[in-house]
Amino acid sequence: MAVNNKYLLQMSTDIQEARMKATFSVGSMLYLLRGGPEAIKKLNYVRNIIEQESLFDKSKIPFQNRQEQLYQSLLVSKRLIDLVDEKKLDDEEFSTLFKQLEIMTPLALHYSAFMPVIKSQGTTEQVEKWYNASKRHAIIGCYAQTELSHGSNVLGLNTLAIFDQTTDEFVIHSPDLTAAKWWVGGLGVASTHAVVQAQLVIMGKTYGPHLFIVPIRSPIDLKPYKGVQVGDIGPKAYGGFAAVDNGFALFDHVRIPRENMLMKFAKVTKEGQYIPPVHNKLSYGSMVKLRVDIVADAGWKLAKAITIAIRYCTVRRQFYDPPSQDSSKLSSSLESQVISYSSVQHRLMPLLVTAYAQIITSEELYKQFNTFMQQLESNDAHLLPEIHATSCALKSWSTRRSTEGIEECRKTMGGHGYSIFSGVANLFADFVPSNTYEGDNFVLAQQVGRFLLKQLEHMVQNGKVTSDTADYLYTLTVEKDMTKPFVFYQDAGQQILDPNVQLNIFAIRSARLVANLGQQLQNGRAWSDLNMECWTVNLAHAEYLVLKSLINKVKAIETSTEYASLGSILKSVSDLVILL
């Protein structure tokens, strides 16, 4: 009966006709965004594994309460671990499997934070001991930085790591309730160990936050160790993160060996001598990695939402055009596709290109981060300020755009969009906290503002900037008449599509905003009164970087042998991004 349903048949026709209208190879675009045929082959391999596992069926999740979801996610985690051995998955395959599963679990931060931090901040011996143990799941870890009274202000953390030279140990202690580690994913029920950010104290002198591996629970029976008070913080907003055991921990003079301090960069000797790192904020490198991951995740989350919304609006039909009261005509004609309405197109098409922009920009950000990490191996940290500022700007921009976009996708789907079965509502609930974790977006904006002001100061004093990402500040010295690039004549339509003109417009906007921020400080305004100016600078800086990444990507593929045919399509994407 359903086979002959005219509405279902029309839906099938509508979606097929829409796909036939593509003016480019969908397969080539898939390869471009996903990393080529080999990457797609691996992707399909892990997806096939997921489809064969009944435990990974998500259809029952909406009907489960939080405790049931959490329990289910633990079963999923265990099955994932078993699959590594059964399928002989390498690290890359397992990482792809975990991402494609799209079921949140208490082990998410074990893979994305605990293990990477140890690998990047630990000595060779520490990596051998702790990273390999975590890879075997002999221990389960999390990353404990945020506290009840301090989150983005890392320097203000109150947890102490006091060195006891007589026993060659650190004493991890929470001086009061406000120092409780809070919001730590994986800490609530699953983790046996935590990488803890704590204030290093040697002979009464504080050396700032450093990283320590602290045992939380016994790997045998998961009972908390002596001196550790630990638990789950409870349900989160919108019902999101239900299967993530965000937890808390208080430490009552918990003793750990000196070797549990991650000492790849900063070190404490047996005699209590402190050896500082080449840069005093290298321990924050772990946060940089998490922010880099978030930028990519924002793009793919928005891409999923926009795909759902566009497909829905393509097969959904509502009202006649032009409206008619003639019932005979109504019975013989089709209602209009929702996607045909200009109000829907104006809401969805910008989100579509934004998803492309985020994905492509994240590729460039990963390259920059990998270069930074390679240089760190030889104690070269000169890229740290730049990669920090870039990741801050792009994280705050992409999470804001993505979460707002996901919600807009839901609204374009009308009443059906509010159903959990649309697949969009839960995307929003689970991703909206990204505006806060790994640095509140407005706090990150202030750090971007400070970085750019330092670049401006350096240019004024020395005639040059030290960061390629701030090279647009040179526009302040090139033209006295800054309105010149905006004077369009009869060929204005062509000029605005010129990548050089586009980038120049974005460069001048960013440079002017940075200069204005500096002028406001010189005029005596307090830094705390310039939060919104920093926010504006941050968004302009991020959008300059995004446009630059898109333009460079278009140039690269136009000359490539594999993807040259996609050049005009991505050029249209880039053009629409600037016109948003």
# chains A, B, ... in the order shown; residues from 1 in each chain; ligands from 1
>>> residues_around(residues="A:Phe372", least_positions_apart="2", cutoff="8 Å", atoms="only C-alpha atoms", output="NGL selection string")
:A and (368-370 or 374-376 or 381 or 383-384 or 387)
>>> write_last_selection(atoms="N, CA, C and O atoms", output="PDB file, in the first residue's frame")
ATOM      1  N   GLN A 368      48.736  23.720  10.420  1.00  0.00           N
ATOM      2  CA  GLN A 368      49.475  24.653  11.268  1.00  0.00           C
ATOM      3  C   GLN A 368      49.798  24.029  12.619  1.00  0.00           C
ATOM      4  O   GLN A 368      50.917  24.184  13.134  1.00  0.00           O
ATOM      5  N   PHE A 369      48.830  23.314  13.193  1.00  0.00           N
ATOM      6  CA  PHE A 369      49.049  22.694  14.489  1.00  0.00           C
ATOM      7  C   PHE A 369      50.113  21.602  14.403  1.00  0.00           C
ATOM      8  O   PHE A 369      50.976  21.492  15.288  1.00  0.00           O
ATOM      9  N   ASN A 370      50.083  20.809  13.348  1.00  0.00           N
ATOM     10  CA  ASN A 370      51.075  19.748  13.189  1.00  0.00           C
ATOM     11  C   ASN A 370      52.477  20.325  13.016  1.00  0.00           C
ATOM     12  O   ASN A 370      53.458  19.763  13.541  1.00  0.00           O
ATOM     13  N   GLN A 374      55.636  19.627  15.551  1.00  0.00           N
ATOM     14  CA  GLN A 374      56.937  19.167  15.058  1.00  0.00           C
ATOM     15  C   GLN A 374      58.060  20.073  15.565  1.00  0.00           C
ATOM     16  O   GLN A 374      59.133  19.597  15.957  1.00  0.00           O
ATOM     17  N   GLN A 375      57.799  21.371  15.559  1.00  0.00           N
ATOM     18  CA  GLN A 375      58.818  22.309  16.038  1.00  0.00           C
ATOM     19  C   GLN A 375      59.038  22.177  17.536  1.00  0.00           C
ATOM     20  O   GLN A 375      60.155  22.380  18.033  1.00  0.00           O
ATOM     21  N   LEU A 376      57.984  21.824  18.262  1.00  0.00           N
ATOM     22  CA  LEU A 376      58.118  21.656  19.706  1.00  0.00           C
ATOM     23  C   LEU A 376      59.082  20.518  20.057  1.00  0.00           C
ATOM     24  O   LEU A 376      59.703  20.534  21.126  1.00  0.00           O
ATOM     25  N   ALA A 381      59.244  26.960  20.293  1.00  0.00           N
ATOM     26  CA  ALA A 381      57.858  27.294  20.644  1.00  0.00           C
ATOM     27  C   ALA A 381      57.420  28.633  20.074  1.00  0.00           C
ATOM     28  O   ALA A 381      56.435  29.211  20.534  1.00  0.00           O
ATOM     29  N   LEU A 383      55.855  29.433  17.512  1.00  0.00           N
ATOM     30  CA  LEU A 383      54.519  29.457  16.897  1.00  0.00           C
ATOM     31  C   LEU A 383      53.393  29.394  17.913  1.00  0.00           C
ATOM     32  O   LEU A 383      52.222  29.534  17.549  1.00  0.00           O
ATOM     33  N   LEU A 384      53.716  29.179  19.186  1.00  0.00           N
ATOM     34  CA  LEU A 384      52.662  28.998  20.184  1.00  0.00           C
ATOM     35  C   LEU A 384      51.693  30.176  20.262  1.00  0.00           C
ATOM     36  O   LEU A 384      50.473  29.968  20.237  1.00  0.00           O
ATOM     37  N   ILE A 387      49.406  30.037  17.017  1.00  0.00           N
ATOM     38  CA  ILE A 387      48.466  28.918  16.934  1.00  0.00           C
ATOM     39  C   ILE A 387      47.441  29.014  18.050  1.00  0.00           C
ATOM     40  O   ILE A 387      46.283  28.615  17.879  1.00  0.00           O
TER      41      ILE A 387
END
>>> select_by_dssp(residues="stretch 56-294 of chain A", states="strand (DSSP E or B)", output="short mmCIF file (atom, residue, chain, number, x, y, z; two decimals) with N, CA and C atoms, in the first residue's frame")
data_model
loop_
_atom_site.label_atom_id
_atom_site.label_comp_id
_atom_site.auth_asym_id
_atom_site.auth_seq_id
_atom_site.Cartn_x
_atom_site.Cartn_y
_atom_site.Cartn_z
N GLY A 141 41.36 7.39 31.33
CA GLY A 141 41.71 8.72 31.83
C GLY A 141 40.81 9.83 31.37
N CYS A 142 41.00 10.98 32.00
CA CYS A 142 40.27 12.20 31.65
C CYS A 142 41.21 13.39 31.86
N TYR A 143 40.74 14.57 31.51
CA TYR A 143 41.55 15.78 31.61
C TYR A 143 40.86 16.75 32.57
N ALA A 144 41.43 16.92 33.77
CA ALA A 144 40.78 17.69 34.84
C ALA A 144 41.43 19.06 34.99
N GLU A 147 37.57 24.07 37.38
CA GLU A 147 37.18 23.93 38.78
C GLU A 147 35.85 24.62 39.02
N LEU A 160 46.23 22.41 44.38
CA LEU A 160 47.66 22.54 44.66
C LEU A 160 48.39 21.22 44.40
N ALA A 161 49.64 21.36 43.94
CA ALA A 161 50.55 20.22 43.83
C ALA A 161 51.82 20.62 44.56
N ILE A 162 51.91 20.25 45.82
CA ILE A 162 52.99 20.69 46.71
C ILE A 162 54.09 19.63 46.71
N PHE A 163 55.32 20.04 46.37
CA PHE A 163 56.42 19.08 46.32
C PHE A 163 56.96 18.80 47.72
N ASP A 164 57.05 17.51 48.05
CA ASP A 164 57.60 17.05 49.34
C ASP A 164 58.95 16.39 49.03
N GLU A 169 57.74 13.23 46.47
CA GLU A 169 56.36 13.12 46.02
C GLU A 169 55.73 14.51 45.87
N PHE A 170 54.62 14.54 45.12
CA PHE A 170 53.75 15.72 45.10
C PHE A 170 52.51 15.41 45.92
N VAL A 171 52.04 16.40 46.64
CA VAL A 171 50.81 16.26 47.42
C VAL A 171 49.73 17.05 46.70
N ILE A 172 48.75 16.35 46.12
CA ILE A 172 47.66 17.00 45.39
C ILE A 172 46.54 17.29 46.38
N HIS A 173 46.15 18.57 46.45
CA HIS A 173 45.20 18.97 47.49
C HIS A 173 44.24 20.03 46.99
N LYS A 181 37.49 19.98 41.13
CA LYS A 181 37.48 19.82 39.69
C LYS A 181 36.05 19.54 39.25
N TRP A 182 35.62 20.21 38.19
CA TRP A 182 34.20 20.22 37.84
C TRP A 182 34.02 20.14 36.33
N TRP A 183 32.97 19.53 35.89
CA TRP A 183 32.63 19.40 34.47
C TRP A 183 33.57 18.46 33.71
N VAL A 184 34.33 17.66 34.40
CA VAL A 184 35.34 16.84 33.73
C VAL A 184 34.69 15.61 33.09
N HIS A 193 42.18 7.35 36.13
CA HIS A 193 43.24 8.35 36.28
C HIS A 193 42.81 9.66 35.64
N ALA A 194 43.46 10.73 36.05
CA ALA A 194 43.19 12.04 35.48
C ALA A 194 44.49 12.80 35.29
N VAL A 195 44.58 13.53 34.17
CA VAL A 195 45.61 14.54 34.05
C VAL A 195 45.05 15.80 34.70
N VAL A 196 45.68 16.22 35.80
CA VAL A 196 45.16 17.30 36.62
C VAL A 196 46.02 18.56 36.46
N GLN A 197 45.37 19.67 36.15
CA GLN A 197 46.05 20.97 36.16
C GLN A 197 46.04 21.47 37.60
N ALA A 198 47.23 21.69 38.15
CA ALA A 198 47.33 22.15 39.55
C ALA A 198 48.49 23.13 39.68
N GLN A 199 48.38 23.99 40.68
CA GLN A 199 49.42 24.98 40.95
C GLN A 199 50.63 24.27 41.57
N LEU A 200 51.76 24.35 40.87
CA LEU A 200 52.99 23.75 41.37
C LEU A 200 53.58 24.61 42.49
N VAL A 201 53.82 24.00 43.65
CA VAL A 201 54.37 24.72 44.80
C VAL A 201 55.63 23.99 45.28
N ILE A 202 56.75 24.71 45.30
CA ILE A 202 58.02 24.14 45.77
C ILE A 202 58.57 25.06 46.86
N LYS A 205 56.95 28.41 47.23
CA LYS A 205 56.86 29.28 46.05
C LYS A 205 56.00 28.63 44.98
N THR A 206 55.08 29.41 44.41
CA THR A 206 54.17 28.91 43.39
C THR A 206 54.71 29.18 42.00
N TYR A 207 54.69 28.18 41.15
CA TYR A 207 55.23 28.30 39.79
C TYR A 207 54.15 28.23 38.71
N GLY A 208 52.90 28.34 39.12
CA GLY A 208 51.82 28.33 38.15
C GLY A 208 51.29 26.94 37.85
N PRO A 209 50.26 26.83 37.00
CA PRO A 209 49.63 25.54 36.72
C PRO A 209 50.55 24.61 35.93
N HIS A 210 50.60 23.35 36.35
CA HIS A 210 51.33 22.30 35.64
C HIS A 210 50.46 21.05 35.62
N LEU A 211 50.90 20.06 34.85
CA LEU A 211 50.09 18.86 34.63
C LEU A 211 50.62 17.67 35.42
N PHE A 212 49.70 16.96 36.07
CA PHE A 212 50.06 15.82 36.91
C PHE A 212 49.09 14.67 36.64
N ILE A 213 49.63 13.45 36.59
CA ILE A 213 48.78 12.27 36.45
C ILE A 213 48.43 11.78 37.85
N VAL A 214 47.12 11.82 38.15
CA VAL A 214 46.65 11.49 39.49
C VAL A 214 45.72 10.28 39.44
N PRO A 215 46.03 9.21 40.18
CA PRO A 215 45.11 8.07 40.26
C PRO A 215 43.80 8.48 40.94
N ARG A 217 40.61 6.14 40.71
CA ARG A 217 39.94 4.91 41.13
C ARG A 217 40.83 3.71 40.85
N PRO A 224 37.15 4.56 44.61
CA PRO A 224 38.04 5.73 44.71
C PRO A 224 39.20 5.46 45.66
N VAL A 228 40.46 10.76 47.73
CA VAL A 228 39.78 11.24 46.51
C VAL A 228 38.27 11.13 46.69
N GLN A 229 37.59 12.24 46.59
CA GLN A 229 36.12 12.26 46.59
C GLN A 229 35.68 12.57 45.17
N VAL A 230 34.95 11.65 44.56
CA VAL A 230 34.64 11.78 43.13
C VAL A 230 33.21 11.35 42.86
N GLY A 231 32.60 11.95 41.82
CA GLY A 231 31.24 11.58 41.45
C GLY A 231 30.77 12.30 40.20
N ASP A 232 29.55 12.04 39.82
CA ASP A 232 28.93 12.61 38.62
C ASP A 232 28.20 13.90 39.01
N GLY A 247 32.05 14.84 35.64
CA GLY A 247 32.17 14.60 37.07
C GLY A 247 32.91 15.66 37.83
N PHE A 248 33.04 15.43 39.14
CA PHE A 248 33.77 16.32 40.03
C PHE A 248 34.77 15.50 40.83
N ALA A 249 35.77 16.18 41.37
CA ALA A 249 36.74 15.50 42.24
C ALA A 249 37.34 16.49 43.22
N LEU A 250 37.47 16.05 44.46
CA LEU A 250 38.16 16.80 45.51
C LEU A 250 39.30 15.93 46.02
N PHE A 251 40.47 16.56 46.25
CA PHE A 251 41.65 15.83 46.68
C PHE A 251 42.04 16.27 48.09
N VAL A 254 46.42 13.97 48.52
CA VAL A 254 46.70 12.74 47.77
C VAL A 254 48.15 12.77 47.29
N ARG A 255 48.91 11.76 47.65
CA ARG A 255 50.33 11.71 47.31
C ARG A 255 50.56 10.92 46.01
N ILE A 256 51.38 11.51 45.14
CA ILE A 256 51.76 10.85 43.89
C ILE A 256 53.27 10.96 43.72
N PRO A 257 53.92 10.03 43.04
CA PRO A 257 55.36 10.12 42.81
C PRO A 257 55.73 11.37 42.00
N MET A 261 54.41 14.01 37.45
CA MET A 261 54.31 15.31 36.80
C MET A 261 54.79 15.15 35.37
N LYS A 267 60.28 20.85 34.36
CA LYS A 267 60.77 19.73 35.16
C LYS A 267 60.98 20.14 36.61
N VAL A 268 60.87 19.17 37.51
CA VAL A 268 61.22 19.34 38.92
C VAL A 268 62.18 18.22 39.28
N TYR A 274 63.44 23.69 40.10
CA TYR A 274 62.46 23.85 39.03
C TYR A 274 63.17 24.27 37.75
N ILE A 275 62.98 23.50 36.68
CA ILE A 275 63.55 23.82 35.37
C ILE A 275 62.41 24.25 34.46
#
>>> residues_around(residues="stretch 113-118 of chain A", least_positions_apart="2", cutoff="8 Å", atoms="only C-alpha atoms", output="list in words")
Leu109, His110, Tyr111, Ser120, Gln121, Gly122, Gln126, Val127, Trp130, Tyr131, Ser134, Lys135, Gly141, Cys142, Tyr143, Ala194, Val195, Leu262, Ser286 and Leu290 of chain A
>>> write_last_selection(atoms="N, CA and C atoms", output="mmCIF file, in the first residue's frame")
data_model
loop_
_atom_site.group_PDB
_atom_site.id
_atom_site.type_symbol
_atom_site.label_atom_id
_atom_site.label_comp_id
_atom_site.auth_asym_id
_atom_site.auth_seq_id
_atom_site.Cartn_x
_atom_site.Cartn_y
_atom_site.Cartn_z
ATOM 1 N N LEU A 109 36.706 11.505 26.213
ATOM 2 C CA LEU A 109 37.827 12.340 26.630
ATOM 3 C C LEU A 109 39.085 11.517 26.868
ATOM 4 N N HIS A 110 38.939 10.230 27.082
ATOM 5 C CA HIS A 110 40.102 9.339 27.193
ATOM 6 C C HIS A 110 40.904 9.390 25.894
ATOM 7 N N TYR A 111 40.172 9.354 24.766
ATOM 8 C CA TYR A 111 40.834 9.347 23.462
ATOM 9 C C TYR A 111 41.218 10.750 22.989
ATOM 10 N N SER A 120 51.831 14.462 24.133
ATOM 11 C CA SER A 120 52.452 15.741 23.785
ATOM 12 C C SER A 120 53.220 16.380 24.925
ATOM 13 N N GLN A 121 52.856 16.058 26.182
ATOM 14 C CA GLN A 121 53.474 16.729 27.320
ATOM 15 C C GLN A 121 54.370 15.808 28.155
ATOM 16 N N GLY A 122 54.341 14.507 27.869
ATOM 17 C CA GLY A 122 55.118 13.562 28.665
ATOM 18 C C GLY A 122 56.494 13.282 28.093
ATOM 19 N N GLN A 126 57.538 8.558 30.320
ATOM 20 C CA GLN A 126 56.143 8.712 30.730
ATOM 21 C C GLN A 126 55.181 8.240 29.655
ATOM 22 N N VAL A 127 55.496 8.524 28.393
ATOM 23 C CA VAL A 127 54.668 8.046 27.289
ATOM 24 C C VAL A 127 54.670 6.523 27.266
ATOM 25 N N TRP A 130 52.467 5.539 30.587
ATOM 26 C CA TRP A 130 51.069 5.937 30.715
ATOM 27 C C TRP A 130 50.293 5.870 29.400
ATOM 28 N N TYR A 131 50.906 6.319 28.315
ATOM 29 C CA TYR A 131 50.198 6.316 27.030
ATOM 30 C C TYR A 131 49.913 4.888 26.582
ATOM 31 N N SER A 134 47.156 3.404 28.607
ATOM 32 C CA SER A 134 45.840 3.934 28.222
ATOM 33 C C SER A 134 45.404 3.393 26.875
ATOM 34 N N LYS A 135 46.370 3.160 25.994
ATOM 35 C CA LYS A 135 46.030 2.599 24.684
ATOM 36 C C LYS A 135 45.492 1.184 24.829
ATOM 37 N N GLY A 141 41.365 7.391 31.327
ATOM 38 C CA GLY A 141 41.714 8.715 31.827
ATOM 39 C C GLY A 141 40.807 9.830 31.370
ATOM 40 N N CYS A 142 41.000 10.983 31.999
ATOM 41 C CA CYS A 142 40.271 12.202 31.648
ATOM 42 C C CYS A 142 41.211 13.394 31.860
ATOM 43 N N TYR A 143 40.744 14.572 31.510
ATOM 44 C CA TYR A 143 41.553 15.780 31.614
ATOM 45 C C TYR A 143 40.862 16.751 32.572
ATOM 46 N N ALA A 194 43.461 10.727 36.049
ATOM 47 C CA ALA A 194 43.188 12.041 35.476
ATOM 48 C C ALA A 194 44.486 12.802 35.295
ATOM 49 N N VAL A 195 44.575 13.529 34.174
ATOM 50 C CA VAL A 195 45.611 14.545 34.046
ATOM 51 C C VAL A 195 45.048 15.796 34.705
ATOM 52 N N LEU A 262 53.981 15.587 34.397
ATOM 53 C CA LEU A 262 54.379 15.496 32.992
ATOM 54 C C LEU A 262 55.533 16.464 32.745
ATOM 55 N N SER A 286 47.744 21.414 25.214
ATOM 56 C CA SER A 286 46.682 20.414 25.145
ATOM 57 C C SER A 286 45.342 21.048 24.824
ATOM 58 N N LEU A 290 42.605 20.485 21.560
ATOM 59 C CA LEU A 290 41.166 20.295 21.697
ATOM 60 C C LEU A 290 40.390 21.331 20.893
#
>>> atom_distance(atom1="atom CA of A:Lys87", atom2="atom CA of A:Met104")
21.5 Å
>>> closest_residue(among="A:Leu579, A:Ala445, A:Ala138, A:Leu566", to="A:Leu30", atoms="only C-alpha atoms")
A:Leu566
>>> residues_around(residues="A:Arg66", least_positions_apart="3", cutoff="12 Å", atoms="only C-alpha atoms", output="list in words")
Ile61, Pro62, Phe63, Gln69, Leu70, Tyr71, Gln72, Ser73, Asp232, Gly234, Pro235, Lys236, Gly239, Gly240, Phe241, Ala242, Ala243, Val244 and Asp245 of chain A
>>> closest_residue(among="A:Ser568, A:Ser560, A:Asn153, A:Gln446", to="A:Asp529", atoms="only C-alpha atoms")
A:Gln446
>>> closest_residue(among="A:Lys395, A:Cys409, A:Lys301, A:Val295", to="A:Leu348", atoms="only C-alpha atoms")
A:Cys409
>>> closest_residue(among="A:Thr436, A:Gln447, A:Thr96, A:Asn48", to="A:Thr146", atoms="only C-alpha atoms")
A:Thr436
>>> atom_distance(atom1="atom CA of A:Phe428", atom2="atom CA of A:Gly299")
13.1 Å
>>> closest_atom_pairs(of="stretch 350-403 of chain A", to="stretch 31-40 of chain A", cutoff="10 Å", atoms="only C-alpha atoms", output="CSV")
residue,atom,partner,partner_atom,distance
A:Tyr356,CA,A:Leu33,CA,8.5
A:Ile359,CA,A:Leu33,CA,7.5
A:Ile360,CA,A:Leu33,CA,7.5
A:Glu363,CA,A:Leu33,CA,9.3
>>> atom_distance(atom1="atom CA of A:Ile406", atom2="atom CA of A:Ala305")
5.7 Å
>>> residues_around(residues="A:Glu438", least_positions_apart="6", cutoff="10 Å", atoms="only C-alpha atoms", output="PDB file with N, CA and C atoms, in the first residue's frame")
ATOM      1  N   GLN A 145      40.803  20.032  34.369  1.00  0.00           N
ATOM      2  CA  GLN A 145      41.305  21.402  34.477  1.00  0.00           C
ATOM      3  C   GLN A 145      40.299  22.321  35.169  1.00  0.00           C
ATOM      4  N   THR A 146      39.105  22.413  34.615  1.00  0.00           N
ATOM      5  CA  THR A 146      38.090  23.321  35.148  1.00  0.00           C
ATOM      6  C   THR A 146      37.751  23.012  36.606  1.00  0.00           C
ATOM      7  N   GLY A 151      37.248  28.486  35.506  1.00  0.00           N
ATOM      8  CA  GLY A 151      37.192  27.709  34.283  1.00  0.00           C
ATOM      9  C   GLY A 151      38.193  28.232  33.279  1.00  0.00           C
ATOM     10  N   SER A 152      37.804  29.284  32.556  1.00  0.00           N
ATOM     11  CA  SER A 152      38.691  29.848  31.538  1.00  0.00           C
ATOM     12  C   SER A 152      39.954  30.474  32.146  1.00  0.00           C
ATOM     13  N   SER A 286      47.744  21.414  25.214  1.00  0.00           N
ATOM     14  CA  SER A 286      46.682  20.414  25.145  1.00  0.00           C
ATOM     15  C   SER A 286      45.342  21.048  24.824  1.00  0.00           C
ATOM     16  N   MET A 287      45.111  22.253  25.347  1.00  0.00           N
ATOM     17  CA  MET A 287      43.864  22.962  25.050  1.00  0.00           C
ATOM     18  C   MET A 287      43.829  23.388  23.588  1.00  0.00           C
ATOM     19  N   VAL A 288      44.995  23.740  23.042  1.00  0.00           N
ATOM     20  CA  VAL A 288      45.063  24.106  21.633  1.00  0.00           C
ATOM     21  C   VAL A 288      44.602  22.937  20.780  1.00  0.00           C
ATOM     22  N   LYS A 289      45.078  21.745  21.082  1.00  0.00           N
ATOM     23  CA  LYS A 289      44.689  20.556  20.312  1.00  0.00           C
ATOM     24  C   LYS A 289      43.181  20.331  20.386  1.00  0.00           C
ATOM     25  N   LEU A 290      42.605  20.485  21.560  1.00  0.00           N
ATOM     26  CA  LEU A 290      41.166  20.295  21.697  1.00  0.00           C
ATOM     27  C   LEU A 290      40.390  21.331  20.893  1.00  0.00           C
ATOM     28  N   ARG A 291      40.876  22.582  20.888  1.00  0.00           N
ATOM     29  CA  ARG A 291      40.183  23.617  20.115  1.00  0.00           C
ATOM     30  C   ARG A 291      40.290  23.355  18.614  1.00  0.00           C
ATOM     31  N   ILE A 294      37.727  20.903  17.772  1.00  0.00           N
ATOM     32  CA  ILE A 294      36.376  21.468  17.850  1.00  0.00           C
ATOM     33  C   ILE A 294      36.016  22.191  16.556  1.00  0.00           C
ATOM     34  N   CYS A 392      41.863  29.987  19.068  1.00  0.00           N
ATOM     35  CA  CYS A 392      40.855  30.692  19.865  1.00  0.00           C
ATOM     36  C   CYS A 392      39.831  31.370  18.967  1.00  0.00           C
ATOM     37  N   LYS A 395      37.804  28.708  16.954  1.00  0.00           N
ATOM     38  CA  LYS A 395      36.925  27.935  17.825  1.00  0.00           C
ATOM     39  C   LYS A 395      35.688  28.749  18.190  1.00  0.00           C
ATOM     40  N   SER A 396      35.890  29.996  18.606  1.00  0.00           N
ATOM     41  CA  SER A 396      34.753  30.822  19.022  1.00  0.00           C
ATOM     42  C   SER A 396      33.838  31.144  17.846  1.00  0.00           C
ATOM     43  N   LEU A 444      37.856  33.839  25.112  1.00  0.00           N
ATOM     44  CA  LEU A 444      38.824  33.578  24.051  1.00  0.00           C
ATOM     45  C   LEU A 444      38.994  34.792  23.154  1.00  0.00           C
TER      46      LEU A 444
END
>>> select_by_dssp(residues="stretch 215-271 of chain A", states="helix (DSSP H, G or I)", output="ChimeraX atom specification")
/A:237-239,258-260
>>> closest_residue(among="A:Tyr366, A:Tyr341, A:Tyr544, A:Phe98", to="A:Val292", atoms="only C-alpha atoms")
A:Tyr366
>>> residues_around(residues="A:Phe431", least_positions_apart="4", cutoff="9 Å", atoms="only C-alpha atoms", output="JSON list (two decimals) with N, CA and C atoms, in the first residue's frame")
[["chain", "number", "residue", "atom", "x", "y", "z"],
["A", 240, "GLY", "N", 21.32, 17.24, 26.86],
["A", 240, "GLY", "CA", 22.52, 16.92, 26.10],
["A", 240, "GLY", "C", 23.57, 16.23, 26.94],
["A", 241, "PHE", "N", 24.54, 15.60, 26.26],
["A", 241, "PHE", "CA", 25.66, 14.94, 26.94],
["A", 241, "PHE", "C", 25.16, 13.91, 27.96],
["A", 298, "ALA", "N", 32.81, 21.25, 14.46],
["A", 298, "ALA", "CA", 31.75, 22.24, 14.20],
["A", 298, "ALA", "C", 31.31, 22.18, 12.74],
["A", 301, "LYS", "N", 29.36, 18.83, 12.14],
["A", 301, "LYS", "CA", 28.06, 18.84, 12.81],
["A", 301, "LYS", "C", 27.07, 19.70, 12.02],
["A", 399, "THR", "N", 32.05, 27.57, 16.55],
["A", 399, "THR", "CA", 31.03, 27.02, 17.45],
["A", 399, "THR", "C", 29.79, 27.90, 17.48],
["A", 402, "SER", "N", 28.07, 27.39, 14.07],
["A", 402, "SER", "CA", 27.55, 26.04, 13.92],
["A", 402, "SER", "C", 26.29, 25.82, 14.76],
["A", 403, "THR", "N", 26.35, 26.20, 16.03],
["A", 403, "THR", "CA", 25.20, 25.95, 16.90],
["A", 403, "THR", "C", 24.00, 26.80, 16.49],
["A", 426, "ASN", "N", 18.93, 16.80, 18.76],
["A", 426, "ASN", "CA", 19.99, 16.25, 19.61],
["A", 426, "ASN", "C", 21.36, 16.76, 19.22],
["A", 427, "LEU", "N", 21.55, 17.09, 17.92],
["A", 427, "LEU", "CA", 22.81, 17.69, 17.49],
["A", 427, "LEU", "C", 23.05, 19.00, 18.22],
["A", 435, "ASN", "N", 30.32, 26.17, 22.90],
["A", 435, "ASN", "CA", 30.52, 27.62, 23.04],
["A", 435, "ASN", "C", 31.20, 27.96, 24.36]]
>>> decode(residues="stretch 49-54 of chain A", atoms="N, CA, C and O atoms", output="compact mmCIF listing (two decimals), in the first residue's frame")
# COMPACT_ATOMS: atom_id res chain seq x y z
N ILE A 49 31.19 -1.95 9.74
CA ILE A 49 31.31 -2.57 11.06
C ILE A 49 30.19 -2.08 11.97
O ILE A 49 29.55 -2.88 12.67
N ILE A 50 29.92 -0.78 11.94
CA ILE A 50 28.88 -0.19 12.78
C ILE A 50 27.51 -0.79 12.44
O ILE A 50 26.73 -1.14 13.34
N GLU A 51 27.23 -0.92 11.16
CA GLU A 51 25.93 -1.43 10.73
C GLU A 51 25.70 -2.88 11.13
O GLU A 51 24.55 -3.33 11.26
N GLN A 52 26.76 -3.62 11.34
CA GLN A 52 26.62 -5.03 11.69
C GLN A 52 26.48 -5.26 13.20
O GLN A 52 26.23 -6.39 13.63
N GLU A 53 26.64 -4.20 13.98
CA GLU A 53 26.60 -4.33 15.43
C GLU A 53 25.25 -3.88 15.97
O GLU A 53 24.90 -2.69 15.92
N SER A 54 24.47 -4.80 16.48
CA SER A 54 23.14 -4.46 17.01
C SER A 54 23.25 -3.53 18.22
O SER A 54 22.34 -2.72 18.47
